[in-house]
Amino acid sequence: MSNAKPTMETYIEMSPRVFEENLTRVDALVGGLVERYARRGLRDLRFVASGSSYNSCVAARPFAERVLGVRVDVFTPSRYLDELERLDVTASDAFEVFVSQSGCSTNIIEAVCAARSRGHETVALTGNVEADLRDEVDAIFEYGVGNETVGFVTMGVLTLMEFIALFSLATAEALGAIDGDGRSAWMGRLSEVPDMHREMQRRAHALMDADREVFLTPGHAFMCGAGAAYGIALEGALKWQETLKAPAIALEPEEYIHGPNMQLTPRSTAFFLDPCLAPGRTHEIYRATRAVTDHAYLLACYGIEDGDANAICLERDVEPEVAPFVLLPAVQVFAGRAMRELGCEPCHPLFDRFEQVVSCKTADYEEICKEKLAQAGFAE
C-alpha cells in the first residue's frame, strides 16, 4: 500500500480518461435515471445540490435545456427548503434530482426528507451509493466519478456535468425531443472534450509558469463568466477560496461592471471565462480590466488575432453549451497547483473550533473518507 495520496492535480489529470470511459457506457450509466424520468414524459427538471455539485449542475444546465427543450432549475438545499411550499403550487410537476458526491451532505439529506414528507419522488445522484443518503431516497444512482479521495471535489465536477449531458441526450431521444442524428452530433462534440481538456490543462500550467509571482501571491479574485460559463466561474471562485484561503467572487461580466469593478487596482486579479464562439462583450470587458491591471486573464475556446500572453484561447469551434467542459480544468489547475506549491491545504489551526460547533457532513464522513483511501490503495 502506497503512502503517496492522490491530490487535486491527480484527479485533474485523470478526468479526461474517466470522461472517455463514461462515453463508452452511456446506457449503463444513465439508463436508470432516464427510465425514472421518462415515465411521465418530458417535464421540467429541478436539481438540488450544494457546493461543487451545485456549480456542476449550473454549468450543465444550458446543455440540458437546449437538448431537452424543458426548463431546468438548480436550487441550493436552503433555497429549496425555503420555497418548497410554493414550488408545490407553481411547479409541482418538475422531476427532482438531489445531488451529493459524498452522499453525506446534511443539507441534501434534510432537503430529501422534506421532499419525501410532502409525497415527492426522491431520486439522488452520488459518488458513493453506500453513504447515508441511500437510506432516505426512492432511488440512487452513481454518476460516474468513481472513487475520488480528495476533499476538494475535482473529477466529480466534470463527471457530474457529463452525466447530466448524457442523461439529457438519452432522454431527449427516447422521448422524441431529438432524433438519432441529433444525438450523434452532440455525442461527437462531447467526444472532442477530453483532448481539449488536456490542452487546457497544458496551457493553464504554462500560464502559471509565466506569471508565477501572481499565482503564488493569491489575493481577492474576480471570476467572471457569462451564460454557460457562469457555473465554471462559480466553481473557480469556490476552489480559489477552498484551496488558497483567499476571497473570490463569481459574477456575470455585466454584473461585474455594475459596481464590483470599482474595486480594481493594479494589484487586482480577475479571470474571464467566455463560452462564446467568437470574441464579444466578455472579451471587451476583459480588455477594459487589462487597462487597469496586468493580472487579468481570459479563458476561451475561440481564437483572437492579437498575441495576448494573458489569454488562453484554444482556437477551436466549440458550442457554448460544451464550452464549460473545456474551461473547467484551467480554474482547477490554478487552484490545485498553487495550493500545492504554497503548502496551504490545511486551514487555520483554530478552524477546528468551527467544526466542533457546526458540520456540513454526517457523523461517519471521516470514516468513509478513510475507507475510500484504503479502497484506492493508499495508507492513511
# chains A, B, ... in the order shown; residues from 1 in each chain; ligands from 1

call {"tool": "closest_atom_pairs", "arguments": {"of": "segment 129-211 of chain A", "to": "segment 291-306 of chain A", "cutoff": "12 Å", "atoms": "only C-alpha atoms", "output": "tab-separated table"}}
result
residue	atom	partner	partner_atom	distance
A:Val193	CA	A:Cys301	CA	11.3
A:Met196	CA	A:Cys301	CA	9.0
A:His197	CA	A:Cys301	CA	10.8
A:Glu199	CA	A:Cys301	CA	10.8
A:Met200	CA	A:Leu299	CA	9.1
A:Gln201	CA	A:Leu299	CA	11.6
A:Arg203	CA	A:Leu299	CA	10.0
A:Ala204	CA	A:Leu299	CA	9.3
A:Leu207	CA	A:Tyr297	CA	9.4
A:Met208	CA	A:Tyr297	CA	11.1
A:Ala210	CA	A:His295	CA	11.8
A:Asp211	CA	A:His295	CA	8.7

call {"tool": "write_last_selection", "arguments": {"atoms": "N, CA and C atoms", "output": "PDB file, in the first residue's frame"}}
result
ATOM      1  N   VAL A 193     -14.139  16.637 -26.152  1.00  0.00           N
ATOM      2  CA  VAL A 193     -13.825  17.298 -24.885  1.00  0.00           C
ATOM      3  C   VAL A 193     -12.515  16.815 -24.263  1.00  0.00           C
ATOM      4  N   MET A 196      -9.408  18.503 -25.687  1.00  0.00           N
ATOM      5  CA  MET A 196      -9.384  19.933 -25.372  1.00  0.00           C
ATOM      6  C   MET A 196      -9.136  20.158 -23.881  1.00  0.00           C
ATOM      7  N   HIS A 197      -9.659  19.273 -23.057  1.00  0.00           N
ATOM      8  CA  HIS A 197      -9.414  19.340 -21.611  1.00  0.00           C
ATOM      9  C   HIS A 197      -7.916  19.231 -21.326  1.00  0.00           C
ATOM     10  N   GLU A 199      -5.486  19.874 -23.408  1.00  0.00           N
ATOM     11  CA  GLU A 199      -4.810  21.067 -23.918  1.00  0.00           C
ATOM     12  C   GLU A 199      -4.993  22.239 -22.967  1.00  0.00           C
ATOM     13  N   MET A 200      -6.184  22.393 -22.425  1.00  0.00           N
ATOM     14  CA  MET A 200      -6.423  23.483 -21.475  1.00  0.00           C
ATOM     15  C   MET A 200      -5.571  23.308 -20.225  1.00  0.00           C
ATOM     16  N   GLN A 201      -5.404  22.080 -19.773  1.00  0.00           N
ATOM     17  CA  GLN A 201      -4.503  21.833 -18.641  1.00  0.00           C
ATOM     18  C   GLN A 201      -3.087  22.321 -18.955  1.00  0.00           C
ATOM     19  N   ARG A 203      -2.058  24.468 -21.181  1.00  0.00           N
ATOM     20  CA  ARG A 203      -1.990  25.925 -21.336  1.00  0.00           C
ATOM     21  C   ARG A 203      -2.094  26.631 -19.975  1.00  0.00           C
ATOM     22  N   ALA A 204      -2.885  26.078 -19.076  1.00  0.00           N
ATOM     23  CA  ALA A 204      -3.013  26.676 -17.740  1.00  0.00           C
ATOM     24  C   ALA A 204      -1.698  26.575 -16.974  1.00  0.00           C
ATOM     25  N   LEU A 207       0.681  29.143 -18.384  1.00  0.00           N
ATOM     26  CA  LEU A 207       0.362  30.487 -17.910  1.00  0.00           C
ATOM     27  C   LEU A 207       0.859  30.693 -16.479  1.00  0.00           C
ATOM     28  N   MET A 208       0.699  29.671 -15.646  1.00  0.00           N
ATOM     29  CA  MET A 208       1.197  29.775 -14.275  1.00  0.00           C
ATOM     30  C   MET A 208       2.721  29.880 -14.244  1.00  0.00           C
ATOM     31  N   ALA A 210       4.520  31.294 -16.495  1.00  0.00           N
ATOM     32  CA  ALA A 210       4.880  32.629 -16.975  1.00  0.00           C
ATOM     33  C   ALA A 210       4.584  33.719 -15.947  1.00  0.00           C
ATOM     34  N   ASP A 211       3.502  33.536 -15.175  1.00  0.00           N
ATOM     35  CA  ASP A 211       3.093  34.545 -14.187  1.00  0.00           C
ATOM     36  C   ASP A 211       3.144  33.966 -12.777  1.00  0.00           C
TER      37      ASP A 211
END

call {"tool": "residues_around", "arguments": {"residues": "Glu284 of chain A", "least_positions_apart": "6", "cutoff": "12 Å", "atoms": "only C-alpha atoms", "output": "mmCIF file with C-alpha atoms, in the first residue's frame"}}
result
data_model
loop_
_atom_site.group_PDB
_atom_site.id
_atom_site.type_symbol
_atom_site.label_atom_id
_atom_site.label_comp_id
_atom_site.auth_asym_id
_atom_site.auth_seq_id
_atom_site.Cartn_x
_atom_site.Cartn_y
_atom_site.Cartn_z
ATOM 1 C CA PRO A 253 -19.362 40.104 -16.643
ATOM 2 C CA GLU A 254 -22.193 42.627 -16.938
ATOM 3 C CA ILE A 257 -19.038 46.199 -14.448
ATOM 4 C CA PHE A 272 -12.862 35.989 -17.590
ATOM 5 C CA ASP A 274 -16.005 33.158 -22.241
ATOM 6 C CA ALA A 278 -16.204 34.465 -31.085
ATOM 7 C CA ARG A 290 -6.389 44.791 -18.522
ATOM 8 C CA ALA A 291 -6.193 48.574 -18.860
ATOM 9 C CA LEU A 298 -9.068 35.377 -20.494
ATOM 10 C CA ILE A 304 -8.034 36.049 -31.078
#

call {"tool": "closest_residue", "arguments": {"among": "A:Ile285, A:Pro320, A:Gln101, A:Pro16", "to": "Asn147 of chain A", "atoms": "only C-alpha atoms"}}
result
A:Gln101

call {"tool": "residues_around", "arguments": {"residues": "segment 346-360 of chain A", "least_positions_apart": "3", "cutoff": "10 Å", "atoms": "only C-alpha atoms", "output": "PyMOL selection string"}}
result
chain A and resi 104-108+242-245+339+343+363+365

call {"tool": "atom_distance", "arguments": {"atom1": "atom CA of Phe47 of chain A", "atom2": "atom CA of Ile140 of chain A"}}
result
13.9 Å

call {"tool": "closest_residue", "arguments": {"among": "A:Met262, A:Ala338, A:Leu169, A:Ala323", "to": "Val214 of chain A", "atoms": "only C-alpha atoms"}}
result
A:Ala338

call {"tool": "closest_residue", "arguments": {"among": "A:Lys239, A:Arg134, A:Arg316, A:His258", "to": "Glu345 of chain A", "atoms": "only C-alpha atoms"}}
result
A:Lys239

call {"tool": "select_by_dssp", "arguments": {"residues": "segment 115-164 of chain A", "states": "helix (DSSP H, G or I)", "output": "MDAnalysis selection string"}}
result
chainID A and resid 115:117 132:136 155:164

call {"tool": "residues_around", "arguments": {"residues": "Arg66 of chain A", "least_positions_apart": "2", "cutoff": "12 Å", "atoms": "only C-alpha atoms", "output": "mmCIF file with N, CA and C atoms, in the first residue's frame"}}
result
data_model
loop_
_atom_site.group_PDB
_atom_site.id
_atom_site.type_symbol
_atom_site.label_atom_id
_atom_site.label_comp_id
_atom_site.auth_asym_id
_atom_site.auth_seq_id
_atom_site.Cartn_x
_atom_site.Cartn_y
_atom_site.Cartn_z
ATOM 1 N N ALA A 60 -23.977 22.607 -16.397
ATOM 2 C CA ALA A 60 -24.594 21.684 -17.359
ATOM 3 C C ALA A 60 -26.014 22.085 -17.733
ATOM 4 N N ARG A 61 -26.590 23.001 -17.003
ATOM 5 C CA ARG A 61 -27.983 23.404 -17.235
ATOM 6 C C ARG A 61 -28.249 23.878 -18.667
ATOM 7 N N PRO A 62 -27.416 24.757 -19.265
ATOM 8 C CA PRO A 62 -27.701 25.183 -20.639
ATOM 9 C C PRO A 62 -27.723 24.022 -21.626
ATOM 10 N N PHE A 63 -26.832 23.042 -21.445
ATOM 11 C CA PHE A 63 -26.817 21.864 -22.314
ATOM 12 C C PHE A 63 -28.133 21.114 -22.184
ATOM 13 N N ALA A 64 -28.553 20.854 -20.954
ATOM 14 C CA ALA A 64 -29.781 20.092 -20.728
ATOM 15 C C ALA A 64 -30.993 20.813 -21.306
ATOM 16 N N LEU A 68 -33.133 19.014 -24.222
ATOM 17 C CA LEU A 68 -34.445 18.517 -23.807
ATOM 18 C C LEU A 68 -35.579 19.470 -24.175
ATOM 19 N N GLY A 69 -35.275 20.753 -24.269
ATOM 20 C CA GLY A 69 -36.320 21.721 -24.562
ATOM 21 C C GLY A 69 -37.271 21.938 -23.404
ATOM 22 N N VAL A 70 -36.795 21.749 -22.172
ATOM 23 C CA VAL A 70 -37.608 21.986 -20.982
ATOM 24 C C VAL A 70 -36.861 22.945 -20.060
ATOM 25 N N ARG A 71 -37.576 23.462 -19.079
ATOM 26 C CA ARG A 71 -36.943 24.330 -18.088
ATOM 27 C C ARG A 71 -36.137 23.472 -17.116
ATOM 28 N N VAL A 72 -34.917 23.895 -16.840
ATOM 29 C CA VAL A 72 -34.064 23.209 -15.871
ATOM 30 C C VAL A 72 -33.659 24.221 -14.803
ATOM 31 N N ALA A 165 -25.310 15.764 -19.144
ATOM 32 C CA ALA A 165 -25.355 15.872 -20.603
ATOM 33 C C ALA A 165 -25.785 14.558 -21.243
ATOM 34 N N SER A 168 -29.412 13.846 -20.569
ATOM 35 C CA SER A 168 -30.262 14.708 -21.390
ATOM 36 C C SER A 168 -30.376 14.174 -22.810
ATOM 37 N N LEU A 169 -29.262 13.739 -23.382
ATOM 38 C CA LEU A 169 -29.278 13.218 -24.751
ATOM 39 C C LEU A 169 -30.075 11.929 -24.846
ATOM 40 N N ALA A 172 -33.790 12.763 -24.297
ATOM 41 C CA ALA A 172 -34.351 13.517 -25.417
ATOM 42 C C ALA A 172 -34.647 12.609 -26.600
ATOM 43 N N ALA A 177 -37.554 14.289 -28.420
ATOM 44 C CA ALA A 177 -37.156 15.696 -28.478
ATOM 45 C C ALA A 177 -36.056 15.919 -29.509
ATOM 46 N N ILE A 178 -35.222 14.904 -29.748
ATOM 47 C CA ILE A 178 -34.232 14.924 -30.812
ATOM 48 C C ILE A 178 -34.239 13.557 -31.480
ATOM 49 N N GLY A 182 -29.378 13.823 -34.365
ATOM 50 C CA GLY A 182 -29.112 14.928 -33.452
ATOM 51 C C GLY A 182 -28.309 14.482 -32.247
ATOM 52 N N ARG A 183 -28.682 13.325 -31.716
ATOM 53 C CA ARG A 183 -27.930 12.804 -30.568
ATOM 54 C C ARG A 183 -26.490 12.486 -30.966
ATOM 55 N N TRP A 186 -24.322 15.633 -31.102
ATOM 56 C CA TRP A 186 -23.908 16.101 -29.781
ATOM 57 C C TRP A 186 -22.876 15.172 -29.164
ATOM 58 N N ALA A 228 -23.258 30.058 -20.325
ATOM 59 C CA ALA A 228 -22.887 28.694 -19.957
ATOM 60 C C ALA A 228 -21.630 28.636 -19.110
ATOM 61 N N GLU A 319 -19.379 24.631 -29.274
ATOM 62 C CA GLU A 319 -20.697 25.145 -28.933
ATOM 63 C C GLU A 319 -20.675 25.703 -27.508
ATOM 64 N N PRO A 320 -21.348 26.825 -27.269
ATOM 65 C CA PRO A 320 -21.336 27.405 -25.924
ATOM 66 C C PRO A 320 -21.757 26.433 -24.832
ATOM 67 N N GLU A 321 -22.678 25.517 -25.149
ATOM 68 C CA GLU A 321 -23.138 24.561 -24.139
ATOM 69 C C GLU A 321 -22.076 23.524 -23.796
ATOM 70 N N VAL A 322 -21.094 23.353 -24.667
ATOM 71 C CA VAL A 322 -19.999 22.404 -24.429
ATOM 72 C C VAL A 322 -18.786 23.109 -23.822
#

call {"tool": "atom_distance", "arguments": {"atom1": "atom CA of Ala131 of chain A", "atom2": "atom CA of Ser100 of chain A"}}
result
10.0 Å

call {"tool": "residues_around", "arguments": {"residues": "Thr154 of chain A", "least_positions_apart": "2", "cutoff": "7 Å", "atoms": "only C-alpha atoms", "output": "VMD selection string"}}
result
chain A and resid 8 11 to 12 152 156 to 157

call {"tool": "write_last_selection", "arguments": {"atoms": "N, CA and C atoms", "output": "PDB file, in the first residue's frame"}}
result
ATOM      1  N   MET A   8      -5.430  16.913  -5.709  1.00  0.00           N
ATOM      2  CA  MET A   8      -6.345  17.543  -6.647  1.00  0.00           C
ATOM      3  C   MET A   8      -5.795  17.469  -8.067  1.00  0.00           C
ATOM      4  N   TYR A  11      -6.410  14.179  -9.878  1.00  0.00           N
ATOM      5  CA  TYR A  11      -7.748  13.986 -10.440  1.00  0.00           C
ATOM      6  C   TYR A  11      -8.025  14.905 -11.623  1.00  0.00           C
ATOM      7  N   ILE A  12      -7.369  16.059 -11.668  1.00  0.00           N
ATOM      8  CA  ILE A  12      -7.472  16.885 -12.877  1.00  0.00           C
ATOM      9  C   ILE A  12      -6.916  16.108 -14.068  1.00  0.00           C
ATOM     10  N   PHE A 152     -11.384  18.164  -1.935  1.00  0.00           N
ATOM     11  CA  PHE A 152     -11.715  19.229  -2.883  1.00  0.00           C
ATOM     12  C   PHE A 152     -12.284  18.583  -4.147  1.00  0.00           C
ATOM     13  N   GLY A 156     -15.181  14.966  -9.804  1.00  0.00           N
ATOM     14  CA  GLY A 156     -16.626  14.919  -9.647  1.00  0.00           C
ATOM     15  C   GLY A 156     -17.349  16.041 -10.353  1.00  0.00           C
ATOM     16  N   VAL A 157     -16.687  17.182 -10.539  1.00  0.00           N
ATOM     17  CA  VAL A 157     -17.322  18.296 -11.246  1.00  0.00           C
ATOM     18  C   VAL A 157     -17.536  17.923 -12.709  1.00  0.00           C
TER      19      VAL A 157
END

call {"tool": "residues_around", "arguments": {"residues": "Asp135 of chain A", "least_positions_apart": "3", "cutoff": "12 Å", "atoms": "only C-alpha atoms", "output": "ChimeraX atom specification"}}
result
/A:103-104,109,112-113,116,122-124,129-132,138-140

call {"tool": "write_last_selection", "arguments": {"atoms": "C-alpha atoms", "output": "PDB file, in the first residue's frame"}}
result
ATOM      1  CA  GLY A 103     -23.671  11.086  -0.026  1.00  0.00           C
ATOM      2  CA  CYS A 104     -23.022  12.598   3.414  1.00  0.00           C
ATOM      3  CA  ILE A 109     -30.412  14.831   3.338  1.00  0.00           C
ATOM      4  CA  VAL A 112     -34.683  14.958   0.679  1.00  0.00           C
ATOM      5  CA  CYS A 113     -36.530  14.293   3.924  1.00  0.00           C
ATOM      6  CA  ARG A 116     -40.412  12.915   0.936  1.00  0.00           C
ATOM      7  CA  THR A 122     -36.912  11.292  -4.230  1.00  0.00           C
ATOM      8  CA  VAL A 123     -34.098  10.444  -6.635  1.00  0.00           C
ATOM      9  CA  ALA A 124     -30.422  11.047  -5.898  1.00  0.00           C
ATOM     10  CA  VAL A 129     -24.148   4.797  -3.177  1.00  0.00           C
ATOM     11  CA  GLU A 130     -23.290   3.228   0.198  1.00  0.00           C
ATOM     12  CA  ALA A 131     -23.464   6.512   2.139  1.00  0.00           C
ATOM     13  CA  ASP A 132     -26.302   7.650   4.399  1.00  0.00           C
ATOM     14  CA  ASP A 138     -36.526   6.124  -3.504  1.00  0.00           C
ATOM     15  CA  ALA A 139     -33.659   5.594  -5.958  1.00  0.00           C
ATOM     16  CA  ILE A 140     -29.967   6.440  -6.012  1.00  0.00           C
TER      17      ILE A 140
END

call {"tool": "atom_distance", "arguments": {"atom1": "atom CA of Ala233 of chain A", "atom2": "atom CA of Ala288 of chain A"}}
result
18.8 Å

call {"tool": "closest_residue", "arguments": {"among": "A:Arg198, A:His283, A:His205, A:Arg25", "to": "Phe325 of chain A", "atoms": "only C-alpha atoms"}}
result
A:Arg198
